[in-house]
file query.txt (compact mmCIF, N, CA, C and O atoms)
# COMPACT_ATOMS: atom_id res chain seq x y z
N MET A 1 30.22 -44.73 54.00
CA MET A 1 30.57 -45.09 55.36
C MET A 1 32.08 -45.25 55.54
O MET A 1 32.61 -44.99 56.59
N ALA A 2 32.77 -45.67 54.48
CA ALA A 2 34.21 -45.88 54.57
C ALA A 2 34.94 -44.56 54.78
O ALA A 2 35.95 -44.50 55.45
N ARG A 3 34.46 -43.49 54.21
CA ARG A 3 35.14 -42.19 54.34
C ARG A 3 35.23 -41.75 55.80
O ARG A 3 36.29 -41.36 56.24
N PRO A 4 34.14 -41.80 56.59
CA PRO A 4 34.26 -41.38 57.99
C PRO A 4 35.26 -42.24 58.77
O PRO A 4 36.00 -41.72 59.59
N ILE A 5 35.31 -43.54 58.50
CA ILE A 5 36.25 -44.43 59.18
C ILE A 5 37.67 -44.01 58.82
O ILE A 5 38.53 -43.91 59.68
N LYS A 6 37.91 -43.76 57.54
CA LYS A 6 39.24 -43.35 57.10
C LYS A 6 39.63 -42.04 57.77
O LYS A 6 40.74 -41.90 58.27
N ARG A 7 38.71 -41.09 57.81
CA ARG A 7 38.99 -39.80 58.44
C ARG A 7 39.29 -39.97 59.92
O ARG A 7 40.23 -39.39 60.45
N LEU A 8 38.49 -40.81 60.62
CA LEU A 8 38.74 -41.05 62.05
C LEU A 8 40.11 -41.68 62.26
O LEU A 8 40.83 -41.32 63.20
N PHE A 9 40.48 -42.60 61.40
CA PHE A 9 41.75 -43.28 61.54
C PHE A 9 42.91 -42.30 61.32
O PHE A 9 43.87 -42.27 62.09
N VAL A 10 42.81 -41.48 60.29
CA VAL A 10 43.85 -40.50 60.02
C VAL A 10 43.94 -39.49 61.17
O VAL A 10 45.05 -39.13 61.60
N GLU A 11 42.80 -39.08 61.71
CA GLU A 11 42.81 -38.18 62.87
C GLU A 11 43.49 -38.84 64.06
O GLU A 11 44.26 -38.21 64.78
N LYS A 12 43.23 -40.13 64.27
CA LYS A 12 43.88 -40.87 65.35
C LYS A 12 45.39 -40.89 65.14
O LYS A 12 46.15 -40.69 66.08
N LEU A 13 45.83 -41.11 63.91
CA LEU A 13 47.26 -41.10 63.63
C LEU A 13 47.87 -39.74 63.96
O LEU A 13 48.90 -39.65 64.60
N HIS A 14 47.21 -38.66 63.52
CA HIS A 14 47.72 -37.32 63.79
C HIS A 14 47.76 -37.04 65.29
O HIS A 14 48.74 -36.53 65.81
N LYS A 15 46.68 -37.37 65.99
CA LYS A 15 46.64 -37.13 67.43
C LYS A 15 47.68 -37.96 68.15
O LYS A 15 48.30 -37.51 69.10
N GLY A 16 47.87 -39.19 67.68
CA GLY A 16 48.85 -40.07 68.31
C GLY A 16 50.26 -39.55 68.20
O GLY A 16 51.09 -39.78 69.07
N PHE A 17 50.56 -38.83 67.13
CA PHE A 17 51.91 -38.33 66.94
C PHE A 17 52.06 -36.88 67.36
O PHE A 17 53.17 -36.37 67.43
N SER A 18 50.95 -36.19 67.66
CA SER A 18 51.04 -34.77 67.98
C SER A 18 51.76 -34.51 69.30
O SER A 18 52.32 -33.44 69.49
N PHE A 19 51.78 -35.48 70.20
CA PHE A 19 52.42 -35.28 71.49
C PHE A 19 53.90 -35.67 71.47
O PHE A 19 54.60 -35.49 72.46
N LEU A 20 54.39 -36.19 70.37
CA LEU A 20 55.78 -36.65 70.33
C LEU A 20 56.75 -35.48 70.49
O LEU A 20 56.72 -34.51 69.76
N ALA A 21 57.61 -35.61 71.45
CA ALA A 21 58.65 -34.61 71.66
C ALA A 21 59.88 -35.02 70.85
O ALA A 21 59.99 -36.17 70.46
N PRO A 22 60.79 -34.11 70.61
CA PRO A 22 61.99 -34.46 69.84
C PRO A 22 62.78 -35.62 70.43
O PRO A 22 63.49 -36.29 69.73
N THR A 23 62.64 -35.87 71.73
CA THR A 23 63.38 -36.96 72.36
C THR A 23 62.68 -38.31 72.21
O THR A 23 63.26 -39.32 72.55
N THR A 24 61.44 -38.33 71.74
CA THR A 24 60.71 -39.57 71.60
C THR A 24 61.22 -40.33 70.38
O THR A 24 61.37 -39.76 69.31
N MET A 25 61.48 -41.60 70.57
CA MET A 25 62.01 -42.42 69.49
C MET A 25 60.88 -43.16 68.78
O MET A 25 60.03 -43.76 69.43
N VAL A 26 60.89 -43.09 67.47
CA VAL A 26 60.00 -43.89 66.65
C VAL A 26 60.84 -45.06 66.17
O VAL A 26 61.98 -44.87 65.75
N PRO A 27 60.32 -46.28 66.24
CA PRO A 27 61.12 -47.42 65.80
C PRO A 27 61.68 -47.21 64.39
O PRO A 27 61.03 -46.61 63.53
N ASP A 28 62.88 -47.69 64.17
CA ASP A 28 63.55 -47.51 62.89
C ASP A 28 62.77 -48.07 61.71
O ASP A 28 62.89 -47.58 60.59
N ASP A 29 61.99 -49.10 61.95
CA ASP A 29 61.26 -49.72 60.83
C ASP A 29 59.99 -48.97 60.46
O ASP A 29 59.33 -49.31 59.48
N VAL A 30 59.62 -47.93 61.22
CA VAL A 30 58.44 -47.13 60.90
C VAL A 30 58.91 -45.86 60.19
O VAL A 30 59.26 -44.87 60.80
N LYS A 31 58.92 -45.96 58.86
CA LYS A 31 59.40 -44.85 58.04
C LYS A 31 58.28 -43.85 57.80
O LYS A 31 57.10 -44.15 58.01
N GLU A 32 58.66 -42.67 57.33
CA GLU A 32 57.68 -41.65 56.99
C GLU A 32 56.69 -42.22 55.99
O GLU A 32 57.06 -42.91 55.04
N GLY A 33 55.40 -41.94 56.21
CA GLY A 33 54.35 -42.44 55.32
C GLY A 33 53.89 -43.84 55.66
O GLY A 33 53.19 -44.48 54.87
N HIS A 34 54.28 -44.35 56.80
CA HIS A 34 53.91 -45.70 57.25
C HIS A 34 53.27 -45.63 58.63
O HIS A 34 53.43 -44.65 59.35
N PHE A 35 52.56 -46.68 59.00
CA PHE A 35 51.99 -46.80 60.33
C PHE A 35 52.00 -48.26 60.74
O PHE A 35 52.18 -49.15 59.92
N VAL A 36 51.82 -48.50 62.04
CA VAL A 36 51.90 -49.85 62.59
C VAL A 36 50.51 -50.36 62.93
O VAL A 36 49.69 -49.62 63.50
N VAL A 37 50.24 -51.61 62.57
CA VAL A 37 49.04 -52.30 63.02
C VAL A 37 49.44 -53.69 63.49
O VAL A 37 50.46 -54.23 63.06
N PHE A 38 48.62 -54.24 64.36
CA PHE A 38 48.77 -55.62 64.78
C PHE A 38 47.58 -56.39 64.26
O PHE A 38 46.42 -55.99 64.49
N ALA A 39 47.83 -57.47 63.53
CA ALA A 39 46.77 -58.38 63.10
C ALA A 39 46.66 -59.44 64.19
O ALA A 39 47.63 -60.13 64.50
N VAL A 40 45.46 -59.55 64.79
CA VAL A 40 45.25 -60.46 65.91
C VAL A 40 43.99 -61.26 65.67
O VAL A 40 42.91 -60.70 65.47
N LYS A 41 44.14 -62.58 65.69
CA LYS A 41 42.99 -63.48 65.61
C LYS A 41 43.32 -64.69 66.46
O LYS A 41 44.21 -65.48 66.12
N GLY A 42 42.63 -64.83 67.59
CA GLY A 42 42.93 -65.93 68.50
C GLY A 42 44.35 -65.80 69.03
O GLY A 42 44.75 -64.76 69.54
N GLU A 43 45.14 -66.85 68.85
CA GLU A 43 46.54 -66.86 69.30
C GLU A 43 47.48 -66.26 68.26
O GLU A 43 48.65 -66.04 68.54
N GLU A 44 46.99 -66.03 67.04
CA GLU A 44 47.84 -65.50 65.98
C GLU A 44 47.96 -63.98 66.11
O GLU A 44 46.97 -63.27 66.11
N THR A 45 49.19 -63.49 66.20
CA THR A 45 49.45 -62.06 66.29
C THR A 45 50.69 -61.74 65.46
O THR A 45 51.69 -62.45 65.55
N GLU A 46 50.60 -60.69 64.65
CA GLU A 46 51.76 -60.25 63.89
C GLU A 46 51.72 -58.72 63.77
O GLU A 46 50.66 -58.14 63.56
N ARG A 47 52.87 -58.11 63.88
CA ARG A 47 53.02 -56.66 63.76
C ARG A 47 53.36 -56.33 62.31
O ARG A 47 54.21 -56.96 61.71
N PHE A 48 52.68 -55.32 61.78
CA PHE A 48 52.91 -54.87 60.41
C PHE A 48 53.23 -53.39 60.41
O PHE A 48 52.61 -52.62 61.13
N VAL A 49 54.17 -52.99 59.58
CA VAL A 49 54.44 -51.59 59.29
C VAL A 49 54.06 -51.41 57.83
O VAL A 49 54.69 -52.00 56.95
N ILE A 50 52.99 -50.65 57.59
CA ILE A 50 52.46 -50.56 56.23
C ILE A 50 52.31 -49.11 55.79
O ILE A 50 52.25 -48.20 56.61
N GLU A 51 52.27 -48.94 54.48
CA GLU A 51 52.16 -47.60 53.90
C GLU A 51 50.76 -47.04 54.07
O GLU A 51 49.77 -47.77 54.09
N LEU A 52 50.69 -45.72 54.11
CA LEU A 52 49.41 -45.03 54.20
C LEU A 52 48.53 -45.30 52.98
O LEU A 52 47.31 -45.18 53.06
N CYS A 53 49.12 -45.72 51.85
CA CYS A 53 48.34 -45.98 50.64
C CYS A 53 47.28 -47.05 50.89
O CYS A 53 46.28 -47.11 50.18
N LEU A 54 47.46 -47.88 51.90
CA LEU A 54 46.48 -48.93 52.19
C LEU A 54 45.14 -48.34 52.63
O LEU A 54 44.11 -49.00 52.56
N LEU A 55 45.14 -47.08 53.05
CA LEU A 55 43.89 -46.45 53.49
C LEU A 55 42.90 -46.25 52.35
O LEU A 55 41.77 -45.85 52.59
N THR A 56 43.30 -46.53 51.13
CA THR A 56 42.37 -46.45 50.00
C THR A 56 41.81 -47.82 49.63
O THR A 56 40.96 -47.91 48.76
N SER A 57 42.25 -48.86 50.29
CA SER A 57 41.80 -50.22 50.01
C SER A 57 40.45 -50.48 50.69
O SER A 57 40.34 -50.39 51.90
N PRO A 58 39.41 -50.84 49.90
CA PRO A 58 38.11 -51.15 50.50
C PRO A 58 38.18 -52.28 51.52
O PRO A 58 37.51 -52.23 52.55
N GLU A 59 39.02 -53.28 51.26
CA GLU A 59 39.13 -54.39 52.21
C GLU A 59 39.77 -53.94 53.52
O GLU A 59 39.36 -54.38 54.60
N PHE A 60 40.78 -53.07 53.45
CA PHE A 60 41.41 -52.58 54.67
C PHE A 60 40.44 -51.68 55.43
O PHE A 60 40.37 -51.73 56.66
N LEU A 61 39.68 -50.87 54.71
CA LEU A 61 38.68 -50.02 55.37
C LEU A 61 37.63 -50.86 56.08
O LEU A 61 37.17 -50.50 57.17
N ARG A 62 37.29 -52.02 55.50
CA ARG A 62 36.36 -52.95 56.17
C ARG A 62 36.97 -53.43 57.48
O ARG A 62 36.30 -53.50 58.52
N LEU A 63 38.28 -53.74 57.46
CA LEU A 63 38.96 -54.17 58.69
C LEU A 63 38.99 -53.06 59.73
O LEU A 63 38.87 -53.32 60.93
N LEU A 64 39.15 -51.81 59.27
CA LEU A 64 39.11 -50.69 60.22
C LEU A 64 37.74 -50.58 60.87
O LEU A 64 37.64 -50.28 62.07
N GLU A 65 36.68 -50.81 60.10
CA GLU A 65 35.33 -50.79 60.68
C GLU A 65 35.18 -51.88 61.72
O GLU A 65 34.60 -51.66 62.79
N GLU A 66 35.70 -53.08 61.42
CA GLU A 66 35.64 -54.18 62.38
C GLU A 66 36.45 -53.85 63.63
O GLU A 66 36.02 -54.15 64.75
N ALA A 67 37.61 -53.20 63.45
CA ALA A 67 38.44 -52.81 64.60
C ALA A 67 37.70 -51.79 65.46
O ALA A 67 37.74 -51.86 66.69
N GLU A 68 37.01 -50.85 64.81
CA GLU A 68 36.26 -49.85 65.57
C GLU A 68 35.14 -50.52 66.37
O GLU A 68 34.94 -50.21 67.54
N GLU A 69 34.44 -51.48 65.74
CA GLU A 69 33.35 -52.17 66.44
C GLU A 69 33.87 -52.98 67.61
O GLU A 69 33.27 -52.99 68.68
N GLU A 70 35.01 -53.67 67.42
CA GLU A 70 35.52 -54.56 68.46
C GLU A 70 36.31 -53.84 69.54
O GLU A 70 36.18 -54.13 70.72
N PHE A 71 37.16 -52.87 69.14
CA PHE A 71 38.07 -52.24 70.09
C PHE A 71 37.84 -50.75 70.29
O PHE A 71 38.35 -50.17 71.23
N GLY A 72 37.14 -50.10 69.36
CA GLY A 72 37.00 -48.66 69.39
C GLY A 72 38.29 -48.00 68.93
O GLY A 72 39.29 -48.66 68.69
N PHE A 73 38.28 -46.68 68.77
CA PHE A 73 39.49 -45.97 68.36
C PHE A 73 40.11 -45.24 69.55
O PHE A 73 40.81 -44.27 69.39
N LYS A 74 39.85 -45.71 70.75
CA LYS A 74 40.45 -45.13 71.94
C LYS A 74 41.74 -45.85 72.30
O LYS A 74 42.33 -45.58 73.34
N GLN A 75 42.17 -46.77 71.45
CA GLN A 75 43.39 -47.53 71.71
C GLN A 75 44.59 -46.60 71.75
O GLN A 75 44.64 -45.60 71.05
N LYS A 76 45.56 -46.94 72.55
CA LYS A 76 46.83 -46.20 72.60
C LYS A 76 47.85 -47.00 71.80
O LYS A 76 47.83 -48.22 71.81
N GLY A 77 48.73 -46.30 71.11
CA GLY A 77 49.77 -46.98 70.35
C GLY A 77 49.26 -47.52 69.03
O GLY A 77 48.35 -46.95 68.42
N ALA A 78 49.83 -48.63 68.61
CA ALA A 78 49.48 -49.22 67.32
C ALA A 78 48.04 -49.72 67.32
O ALA A 78 47.50 -50.12 68.35
N LEU A 79 47.45 -49.68 66.16
CA LEU A 79 46.07 -50.12 65.98
C LEU A 79 46.03 -51.65 65.90
O LEU A 79 46.88 -52.27 65.25
N THR A 80 45.05 -52.26 66.56
CA THR A 80 44.85 -53.70 66.48
C THR A 80 43.73 -53.99 65.50
O THR A 80 42.64 -53.43 65.62
N ILE A 81 44.02 -54.85 64.54
CA ILE A 81 43.05 -55.25 63.51
C ILE A 81 42.61 -56.68 63.80
O ILE A 81 43.46 -57.57 63.94
N PRO A 82 41.31 -56.94 63.90
CA PRO A 82 40.84 -58.29 64.22
C PRO A 82 40.79 -59.20 62.99
O PRO A 82 39.73 -59.43 62.40
N CYS A 83 41.96 -59.68 62.57
CA CYS A 83 42.01 -60.62 61.44
C CYS A 83 43.27 -61.45 61.54
O CYS A 83 44.20 -61.11 62.27
N ARG A 84 43.30 -62.54 60.79
CA ARG A 84 44.49 -63.38 60.75
C ARG A 84 45.60 -62.62 60.03
O ARG A 84 45.34 -61.90 59.07
N PRO A 85 46.84 -62.78 60.47
CA PRO A 85 47.95 -62.13 59.77
C PRO A 85 48.00 -62.44 58.28
O PRO A 85 48.28 -61.56 57.47
N GLN A 86 47.67 -63.67 57.90
CA GLN A 86 47.69 -64.05 56.49
C GLN A 86 46.68 -63.23 55.68
O GLN A 86 46.93 -62.89 54.53
N GLU A 87 45.54 -62.92 56.28
CA GLU A 87 44.53 -62.12 55.60
C GLU A 87 45.04 -60.71 55.36
O GLU A 87 44.87 -60.14 54.28
N LEU A 88 45.70 -60.13 56.35
CA LEU A 88 46.24 -58.78 56.18
C LEU A 88 47.37 -58.78 55.15
O LEU A 88 47.45 -57.86 54.34
N HIS A 89 48.21 -59.82 55.14
CA HIS A 89 49.23 -59.95 54.10
C HIS A 89 48.59 -59.87 52.72
O HIS A 89 49.04 -59.14 51.84
N ARG A 90 47.53 -60.65 52.53
CA ARG A 90 46.86 -60.72 51.23
C ARG A 90 46.30 -59.35 50.84
O ARG A 90 46.48 -58.89 49.71
N ILE A 91 45.66 -58.66 51.77
CA ILE A 91 45.07 -57.35 51.49
C ILE A 91 46.16 -56.35 51.12
O ILE A 91 46.01 -55.57 50.19
N ILE A 92 47.26 -56.39 51.85
CA ILE A 92 48.36 -55.47 51.57
C ILE A 92 48.94 -55.73 50.18
O ILE A 92 49.17 -54.79 49.41
N LEU A 93 49.15 -56.97 49.87
CA LEU A 93 49.72 -57.30 48.56
C LEU A 93 48.77 -56.92 47.43
O LEU A 93 49.21 -56.46 46.38
N GLN A 94 47.48 -57.09 47.62
CA GLN A 94 46.50 -56.68 46.61
C GLN A 94 46.48 -55.17 46.47
O GLN A 94 46.21 -54.66 45.39
N GLY A 95 46.77 -54.45 47.56
CA GLY A 95 46.76 -53.00 47.52
C GLY A 95 48.04 -52.42 46.95
O GLY A 95 48.19 -51.21 46.84
N ARG A 96 48.99 -53.29 46.59
CA ARG A 96 50.27 -52.88 46.01
C ARG A 96 51.02 -51.91 46.91
O ARG A 96 51.60 -50.93 46.45
N CYS A 97 50.99 -52.19 48.19
CA CYS A 97 51.71 -51.36 49.15
C CYS A 97 52.94 -52.11 49.63
O CYS A 97 53.00 -53.34 49.60
N GLU A 98 53.90 -51.35 50.13
CA GLU A 98 55.09 -51.94 50.71
C GLU A 98 54.72 -52.51 52.07
O GLU A 98 53.92 -51.94 52.79
N ILE A 99 55.29 -53.64 52.41
CA ILE A 99 54.96 -54.30 53.67
C ILE A 99 56.23 -54.67 54.43
O ILE A 99 57.21 -55.11 53.85
N PHE A 100 56.20 -54.45 55.73
CA PHE A 100 57.25 -54.90 56.63
C PHE A 100 56.53 -55.62 57.76
O PHE A 100 55.56 -55.11 58.30
N THR A 101 56.99 -56.81 58.12
CA THR A 101 56.37 -57.56 59.20
C THR A 101 57.24 -57.51 60.43
O THR A 101 58.35 -56.96 60.41
N SER A 102 56.78 -58.13 61.50
CA SER A 102 57.53 -58.13 62.75
C SER A 102 58.87 -58.80 62.59
O SER A 102 59.78 -58.56 63.36
N ALA A 103 59.02 -59.64 61.58
CA ALA A 103 60.31 -60.27 61.33
C ALA A 103 61.30 -59.27 60.76
O ALA A 103 62.49 -59.54 60.69
N GLY A 104 60.79 -58.10 60.31
CA GLY A 104 61.67 -57.06 59.81
C GLY A 104 62.02 -57.19 58.34
O GLY A 104 62.74 -56.39 57.78
N ALA A 105 61.50 -58.20 57.69
CA ALA A 105 61.83 -58.42 56.28
C ALA A 105 60.85 -57.67 55.41
O ALA A 105 59.65 -57.90 55.47
N GLY A 106 61.36 -56.77 54.62
CA GLY A 106 60.50 -56.07 53.67
C GLY A 106 60.15 -57.01 52.54
O GLY A 106 60.99 -57.76 52.05
N MET A 107 58.90 -57.02 52.15
CA MET A 107 58.49 -57.88 51.06
C MET A 107 58.42 -57.10 49.76
O MET A 107 58.02 -57.62 48.75
N GLY A 108 58.78 -55.82 49.82
CA GLY A 108 58.82 -55.03 48.61
C GLY A 108 57.44 -54.65 48.09
O GLY A 108 56.45 -54.75 48.77
N PHE A 109 57.43 -54.22 46.86
CA PHE A 109 56.18 -53.83 46.20
C PHE A 109 55.75 -54.98 45.32
O PHE A 109 56.55 -55.61 44.66
N MET A 110 54.48 -55.22 45.27
CA MET A 110 53.95 -56.28 44.40
C MET A 110 53.22 -55.63 43.25
O MET A 110 52.69 -54.59 43.35

call {"tool": "encode", "arguments": {"input": "query.txt", "output": "structure tokens"}}
result
Amino acid sequence: MARPIKRLFVEKLHKGFSFLAPTTMVPDDVKEGHFVVFAVKGEETERFVIELCLLTSPEFLRLLEEAEEEFGFKQKGALTIPCRPQELHRIILQGRCEIFTSAGAGMGFM
């Protein structure tokens, strides 16, 4: 079941960027091989710029399934993940991916 979710997510990323014209600006903190998600739970919201390598994490794929159930994949722009920012931090660090938060501070590789 995780494979179809991953494929849908990657297709959404491709479709989301396919319309970009040369004049469209991508934020400086979104480097090649990265994508943006928002972790949202209640009043807690944080923006993350994370590596595509996270798409192999079973825990992140579980969050994508929850996002699909709650919001669908018809969202425009960055993907919203229904979890506390601290939970996404933990998943990213366990996945040994590079992380950048809305504060702009890279936490490096763990």

call {"tool": "closest_residue", "arguments": {"input": "query.txt", "among": "A:Arg47, A:Gln94, A:Pro58, A:Lys41", "to": "Pro82 (chain A)", "atoms": "only C-alpha atoms"}}
result
A:Lys41

call {"tool": "residues_around", "arguments": {"input": "query.txt", "residues": "region 62-67 of chain A", "least_positions_apart": "4", "cutoff": "7 Å", "atoms": "all atoms listed in the file", "output": "list in words"}}
result
Ala2, Ile5, Ser57, Pro58, Phe71, Gly72, Phe73, Thr80, Ile81 and Pro82 of chain A

call {"tool": "write_last_selection", "arguments": {"input": "query.txt", "atoms": "N, CA, C and O atoms", "output": "PDB file, keeping the file's coordinate frame"}}
result
ATOM      1  N   ALA A   2      32.770 -45.670  54.480  1.00  0.00           N
ATOM      2  CA  ALA A   2      34.210 -45.880  54.570  1.00  0.00           C
ATOM      3  C   ALA A   2      34.940 -44.560  54.780  1.00  0.00           C
ATOM      4  O   ALA A   2      35.950 -44.500  55.450  1.00  0.00           O
ATOM      5  N   ILE A   5      35.310 -43.540  58.500  1.00  0.00           N
ATOM      6  CA  ILE A   5      36.250 -44.430  59.180  1.00  0.00           C
ATOM      7  C   ILE A   5      37.670 -44.010  58.820  1.00  0.00           C
ATOM      8  O   ILE A   5      38.530 -43.910  59.680  1.00  0.00           O
ATOM      9  N   SER A  57      42.250 -48.860  50.290  1.00  0.00           N
ATOM     10  CA  SER A  57      41.800 -50.220  50.010  1.00  0.00           C
ATOM     11  C   SER A  57      40.450 -50.480  50.690  1.00  0.00           C
ATOM     12  O   SER A  57      40.340 -50.390  51.900  1.00  0.00           O
ATOM     13  N   PRO A  58      39.410 -50.840  49.900  1.00  0.00           N
ATOM     14  CA  PRO A  58      38.110 -51.150  50.500  1.00  0.00           C
ATOM     15  C   PRO A  58      38.180 -52.280  51.520  1.00  0.00           C
ATOM     16  O   PRO A  58      37.510 -52.230  52.550  1.00  0.00           O
ATOM     17  N   PHE A  71      37.160 -52.870  69.140  1.00  0.00           N
ATOM     18  CA  PHE A  71      38.070 -52.240  70.090  1.00  0.00           C
ATOM     19  C   PHE A  71      37.840 -50.750  70.290  1.00  0.00           C
ATOM     20  O   PHE A  71      38.350 -50.170  71.230  1.00  0.00           O
ATOM     21  N   GLY A  72      37.140 -50.100  69.360  1.00  0.00           N
ATOM     22  CA  GLY A  72      37.000 -48.660  69.390  1.00  0.00           C
ATOM     23  C   GLY A  72      38.290 -48.000  68.930  1.00  0.00           C
ATOM     24  O   GLY A  72      39.290 -48.660  68.690  1.00  0.00           O
ATOM     25  N   PHE A  73      38.280 -46.680  68.770  1.00  0.00           N
ATOM     26  CA  PHE A  73      39.490 -45.970  68.360  1.00  0.00           C
ATOM     27  C   PHE A  73      40.110 -45.240  69.550  1.00  0.00           C
ATOM     28  O   PHE A  73      40.810 -44.270  69.390  1.00  0.00           O
ATOM     29  N   THR A  80      45.050 -52.260  66.560  1.00  0.00           N
ATOM     30  CA  THR A  80      44.850 -53.700  66.480  1.00  0.00           C
ATOM     31  C   THR A  80      43.730 -53.990  65.500  1.00  0.00           C
ATOM     32  O   THR A  80      42.640 -53.430  65.620  1.00  0.00           O
ATOM     33  N   ILE A  81      44.020 -54.850  64.540  1.00  0.00           N
ATOM     34  CA  ILE A  81      43.050 -55.250  63.510  1.00  0.00           C
ATOM     35  C   ILE A  81      42.610 -56.680  63.800  1.00  0.00           C
ATOM     36  O   ILE A  81      43.460 -57.570  63.940  1.00  0.00           O
ATOM     37  N   PRO A  82      41.310 -56.940  63.900  1.00  0.00           N
ATOM     38  CA  PRO A  82      40.840 -58.290  64.220  1.00  0.00           C
ATOM     39  C   PRO A  82      40.790 -59.200  62.990  1.00  0.00           C
ATOM     40  O   PRO A  82      39.730 -59.430  62.400  1.00  0.00           O
TER      41      PRO A  82
END

call {"tool": "residues_around", "arguments": {"input": "query.txt", "residues": "Arg84 (chain A)", "least_positions_apart": "4", "cutoff": "6 Å", "atoms": "all atoms listed in the file", "output": "list in words"}}
result
Ala39, Val40, Lys41, Glu44, Leu88 and His89 of chain A

call {"tool": "atom_distance", "arguments": {"input": "query.txt", "atom1": "atom N of Glu59 (chain A)", "atom2": "CA of Asp29 (chain A)"}}
result
24.5 Å

call {"tool": "atom_distance", "arguments": {"input": "query.txt", "atom1": "atom C of Glu46 (chain A)", "atom2": "atom C of Arg96 (chain A)"}}
result
18.2 Å

call {"tool": "closest_residue", "arguments": {"input": "query.txt", "among": "A:Gln75, A:Val36, A:Arg90, A:Glu68", "to": "Ile50 (chain A)", "atoms": "only N, CA, C and O atoms"}}
result
A:Val36

call {"tool": "atom_distance", "arguments": {"input": "query.txt", "atom1": "atom N of Gly95 (chain A)", "atom2": "atom N of Glu69 (chain A)"}}
result
22.2 Å

call {"tool": "closest_residue", "arguments": {"input": "query.txt", "among": "A:Val37, A:Ile91, A:Cys53, A:Val26", "to": "Leu79 (chain A)", "atoms": "all atoms listed in the file"}}
result
A:Val37

call {"tool": "axis_aligned_box", "arguments": {"input": "query.txt", "around": "region 49-52 of chain A", "padding_each_side": "3 Å", "output": "lines of an AutoDock Vina configuration file"}}
result
center_x = 51.0
center_y = -49.0
center_z = 56.3
size_x = 13.4
size_y = 14.0
size_z = 12.6

call {"tool": "select_by_dssp", "arguments": {"input": "query.txt", "residues": "region 24-97 of chain A", "states": "alpha helix (DSSP H)", "output": "list in words"}}
result
Pro58, Glu59, Phe60, Leu61, Arg62, Leu63, Leu64, Glu65, Glu66, Ala67, Glu68, Glu69, Glu70, Phe71, Pro85, Gln86, Glu87, Leu88, His89, Arg90, Ile91, Ile92, Leu93 and Gln94 of chain A
